>>> print(open('coords_21.cif').read())   # mmCIF, C-alpha atoms
data_protein
loop_
_atom_site.label_atom_id
_atom_site.label_comp_id
_atom_site.auth_asym_id
_atom_site.auth_seq_id
_atom_site.Cartn_x
_atom_site.Cartn_y
_atom_site.Cartn_z
CA MET A 1 110.70 56.98 85.98
CA ASN A 2 113.17 59.71 86.93
CA ARG A 3 110.92 62.28 85.31
CA ILE A 4 107.94 61.20 87.39
CA ILE A 5 109.96 61.41 90.60
CA LEU A 6 111.35 64.81 89.59
CA VAL A 7 107.85 66.14 88.77
CA ALA A 8 106.53 64.79 92.11
CA ILE A 9 109.35 66.52 94.03
CA VAL A 10 108.81 69.83 92.19
CA LEU A 11 105.06 69.69 92.82
CA GLY A 12 105.63 68.79 96.46
CA LEU A 13 107.98 71.76 96.91
CA ALA A 14 105.57 74.09 95.07
CA PHE A 15 102.66 73.19 97.32
CA ALA A 16 104.76 73.23 100.46
CA SER A 17 106.19 76.66 99.68
CA CYS A 18 102.74 78.20 99.10
CA LYS A 19 101.64 77.62 102.68
CA SER A 20 102.24 80.47 105.04
CA LYS A 21 103.98 79.57 108.24
CA LYS A 22 103.21 82.95 109.77
CA GLU A 23 100.66 83.28 112.52
CA LEU A 24 98.06 86.00 112.46
CA ALA A 25 99.16 89.13 114.23
CA GLN A 26 97.70 89.41 117.69
CA SER A 27 96.81 92.86 118.90
CA PRO A 28 96.64 93.60 122.60
CA TYR A 29 93.55 95.69 121.84
CA THR A 30 91.48 92.96 120.27
CA THR A 31 90.55 89.90 122.25
CA ASP A 32 88.31 86.94 121.76
CA PRO A 33 84.88 87.80 123.24
CA ALA A 34 84.72 84.35 124.82
CA THR A 35 87.84 85.05 126.89
CA GLN A 36 86.93 88.53 128.05
CA PRO A 37 86.94 88.94 131.80
CA LYS A 38 83.59 88.93 133.48
CA VAL A 39 82.63 92.03 135.41
CA PHE A 40 80.39 91.75 138.43
CA THR A 41 78.84 94.59 140.32
CA VAL A 42 77.50 94.44 143.82
CA PRO A 43 74.70 96.89 144.55
CA ALA A 44 75.00 99.01 147.66
CA SER A 45 72.66 98.00 150.46
CA ASP A 46 70.96 101.41 150.77
CA THR A 47 70.42 101.87 147.01
CA GLN A 48 67.21 99.86 147.04
CA THR A 49 65.74 101.78 149.94
CA GLN A 50 66.63 105.08 148.31
CA THR A 51 64.98 104.20 145.00
CA GLN A 52 61.86 102.97 146.71
CA ALA A 53 61.56 106.01 148.95
CA GLN A 54 62.52 108.67 146.41
CA PRO A 55 62.57 108.11 142.66
CA GLN A 56 65.53 109.80 141.05
CA VAL A 57 65.21 111.70 137.82
CA THR A 58 68.22 111.45 135.57
CA GLN A 59 68.77 113.77 132.69
CA GLU A 60 70.58 112.52 129.64
CA PRO A 61 73.04 114.92 128.09
CA ALA A 62 71.74 116.73 125.07
CA GLN A 63 72.75 114.94 121.91
CA THR A 64 73.84 116.89 118.91
CA ASN A 65 73.61 115.60 115.39
CA SER A 66 76.74 117.41 114.31
CA GLU A 67 79.90 115.49 113.74
CA PRO A 68 83.15 116.88 115.08
CA VAL A 69 84.74 119.50 112.87
CA ALA A 70 88.34 118.95 111.82
CA MET A 71 90.46 122.04 112.39
CA ARG A 72 93.98 122.98 111.37
CA LYS A 73 96.02 126.07 112.19
CA GLU A 74 98.19 127.35 109.33
CA GLN A 75 99.70 130.47 107.89
CA VAL A 76 98.02 131.29 104.61
CA SER A 77 98.33 133.85 101.87
CA PHE A 78 95.67 134.93 99.42
CA THR A 79 96.14 134.16 95.73
CA THR A 80 94.46 137.38 94.56
CA GLN A 81 94.54 140.90 95.93
CA GLU A 82 90.73 141.12 95.77
CA ASP A 83 90.34 138.05 98.01
CA LYS A 84 92.88 139.50 100.43
CA SER A 85 91.06 142.84 100.75
CA GLN A 86 87.69 141.11 101.37
CA ASN A 87 88.83 138.38 103.77
CA GLU A 88 92.02 139.61 105.44
CA SER A 89 90.33 140.39 108.76
CA ASN A 90 88.81 136.90 109.05
CA ASN A 91 90.54 134.10 110.95
CA PHE A 92 88.30 131.08 110.31
CA PHE A 93 88.04 129.63 106.82
CA VAL A 94 85.63 126.87 105.71
CA ILE A 95 87.63 124.55 103.44
CA LEU A 96 86.10 122.18 100.89
CA GLY A 97 89.19 121.18 98.94
CA SER A 98 92.95 121.02 99.19
CA PHE A 99 95.27 120.61 96.22
CA SER A 100 98.99 120.51 95.57
CA GLN A 101 98.57 122.05 92.10
CA LEU A 102 97.08 125.51 91.56
CA ASN A 103 95.38 124.43 88.32
CA ASN A 104 93.48 121.68 90.16
CA ALA A 105 92.36 124.18 92.80
CA LYS A 106 91.16 126.56 90.07
CA ASN A 107 89.20 123.77 88.37
CA TYR A 108 87.57 122.84 91.68
CA ARG A 109 86.78 126.51 92.28
CA GLU A 110 84.90 126.57 88.96
CA THR A 111 82.94 123.48 89.98
CA LEU A 112 81.94 125.14 93.25
CA LEU A 113 80.98 128.36 91.46
CA ASN A 114 78.51 126.34 89.38
CA LYS A 115 76.97 124.97 92.60
CA GLY A 116 76.34 128.45 94.04
CA PHE A 117 79.40 128.89 96.29
CA THR A 118 81.73 131.89 96.16
CA PRO A 119 85.07 130.15 96.67
CA ILE A 120 88.49 131.70 97.06
CA ILE A 121 91.88 130.01 96.92
CA LEU A 122 94.37 130.28 99.76
CA HIS A 123 98.01 129.23 99.58
CA SER A 124 99.05 127.44 102.75
CA GLU A 125 102.46 127.37 104.41
CA THR A 126 102.45 123.62 103.73
CA GLY A 127 102.41 124.27 99.97
CA TYR A 128 98.80 123.24 99.44
CA TYR A 129 96.15 125.37 97.77
CA ARG A 130 93.06 125.44 99.98
CA VAL A 131 89.67 126.10 98.36
CA CYS A 132 87.67 128.13 100.86
CA VAL A 133 83.93 128.78 100.50
CA ASN A 134 83.39 131.10 103.49
CA SER A 135 85.47 132.99 106.02
CA TYR A 136 84.49 134.33 109.43
CA GLN A 137 85.83 136.25 112.39
CA SER A 138 83.93 134.03 114.84
CA GLU A 139 84.57 130.31 115.29
CA ASN A 140 80.89 129.72 116.15
CA ASP A 141 79.76 131.26 112.86
CA ALA A 142 82.24 129.11 110.97
CA ARG A 143 81.09 125.95 112.78
CA THR A 144 77.46 126.82 112.00
CA ARG A 145 78.34 127.15 108.31
CA VAL A 146 80.12 123.78 108.36
CA GLY A 147 76.94 122.21 109.76
CA GLN A 148 74.83 123.88 107.07
CA ILE A 149 77.11 122.61 104.31
CA ARG A 150 77.03 119.07 105.72
CA GLN A 151 73.22 119.09 105.79
CA THR A 152 72.66 120.78 102.43
CA TYR A 153 75.51 119.14 100.51
CA PRO A 154 76.17 115.59 101.79
CA GLU A 155 78.90 115.16 99.17
CA TYR A 156 80.95 117.75 101.09
CA SER A 157 80.72 116.03 104.47
CA ASP A 158 84.52 116.23 104.79
CA VAL A 159 84.44 120.02 105.07
CA TRP A 160 86.86 121.41 107.68
CA LEU A 161 88.04 124.63 109.29
CA LEU A 162 91.35 126.36 108.75
CA ILE A 163 92.44 128.81 111.42
CA LYS A 164 94.70 131.57 110.15
CA ASP A 165 97.88 131.62 112.19
#
>>> encode(input="coords_21.cif", output="structure tokens")
Amino acid sequence: MNRIILVAIVLGLAFASCKSKKELAQSPYTTDPATQPKVFTVPASDTQTQTQAQPQVTQEPAQTNSEPVAMRKEQVSFTTQEDKSQNESNNFFVILGSFSQLNNAKNYRETLLNKGFTPIILHSETGYYRVCVNSYQSENDARTRVGQIRQTYPEYSDVWLLIKD
């Protein structure tokens, strides 16, 4: 009999301890749609007469298909003298990869070479090795290249710009 009571108490404690007493976190930024405040607008009295007398033409802003381009400003050094002599005058670098180990950056560089890119490796002040596929003197040219890469190579949609500090 004592065993049955002991087993019942242990099972009762086990099930009682599994329940969470915590409430879900409430964020001030998320609210229940049913409790959102209602917004009412009152039209101006002369708006109707103006639209009847003179139709207004509204122009929508031009929409661009390009996503925003992430940019970061860093001091960089070139890993080879040849890369330095060819790209030293450029300030905008199109980056496809970032690695903490030089060997990983070199392996990624080989992968990009096989896909038709001409990548170089930059060493950033943050300690990362940045794999760059193009460099430019003009920000507009660099942004154009980012858009081209995103359209041609969807797998590299996370391409970004590094600005040489």
>>> closest_residue(input="coords_21.cif", among="A:Ile163, A:Val10, A:Val131, A:Ile120", to="Glu82 of chain A", atoms="all atoms listed in the file")
A:Ile120
>>> residues_around(input="coords_21.cif", residues="Phe92 of chain A", least_positions_apart="2", cutoff="6 Å", atoms="all atoms listed in the file", output="PyMOL selection string")
chain A and resi 90+135-136+162-163
>>> residues_around(input="coords_21.cif", residues="Lys106 of chain A", least_positions_apart="2", cutoff="12 Å", atoms="only C-alpha atoms", output="NGL selection string")
:A and (79 or 97-104 or 108-113 or 119-122 or 129-132)
>>> closest_residue(input="coords_21.cif", among="A:Thr80, A:Ile4, A:Asp165, A:Arg143", to="Glu125 of chain A", atoms="only C-alpha atoms")
A:Asp165
>>> atom_distance(input="coords_21.cif", atom1="atom CA of Glu139 of chain A", atom2="atom CA of Phe117 of chain A")
19.7 Å
>>> residues_around(input="coords_21.cif", residues="Lys164 of chain A", least_positions_apart="2", cutoff="7 Å", atoms="all atoms listed in the file", output="ChimeraX atom specification")
/A:73-76,91-92,162
>>> write_last_selection(input="coords_21.cif", atoms="C-alpha atoms", output="PDB file, in the coordinates of the input")
ATOM      1  CA  LYS A  73      96.020 126.070 112.190  1.00  0.00           C
ATOM      2  CA  GLU A  74      98.190 127.350 109.330  1.00  0.00           C
ATOM      3  CA  GLN A  75      99.700 130.470 107.890  1.00  0.00           C
ATOM      4  CA  VAL A  76      98.020 131.290 104.610  1.00  0.00           C
ATOM      5  CA  ASN A  91      90.540 134.100 110.950  1.00  0.00           C
ATOM      6  CA  PHE A  92      88.300 131.080 110.310  1.00  0.00           C
ATOM      7  CA  LEU A 162      91.350 126.360 108.750  1.00  0.00           C
TER       8      LEU A 162
END
>>> atom_distance(input="coords_21.cif", atom1="atom CA of Trp160 of chain A", atom2="atom CA of Lys115 of chain A")
18.4 Å
>>> atom_distance(input="coords_21.cif", atom1="atom CA of Met71 of chain A", atom2="atom CA of Ile95 of chain A")
9.7 Å
>>> closest_residue(input="coords_21.cif", among="A:Ala70, A:Leu6, A:Ile149, A:Ala105", to="Asn134 of chain A", atoms="only C-alpha atoms")
A:Ile149
>>> closest_residue(input="coords_21.cif", among="A:Asp158, A:Ala8, A:Phe93, A:Gln86", to="Asn140 of chain A", atoms="all atoms listed in the file")
A:Phe93
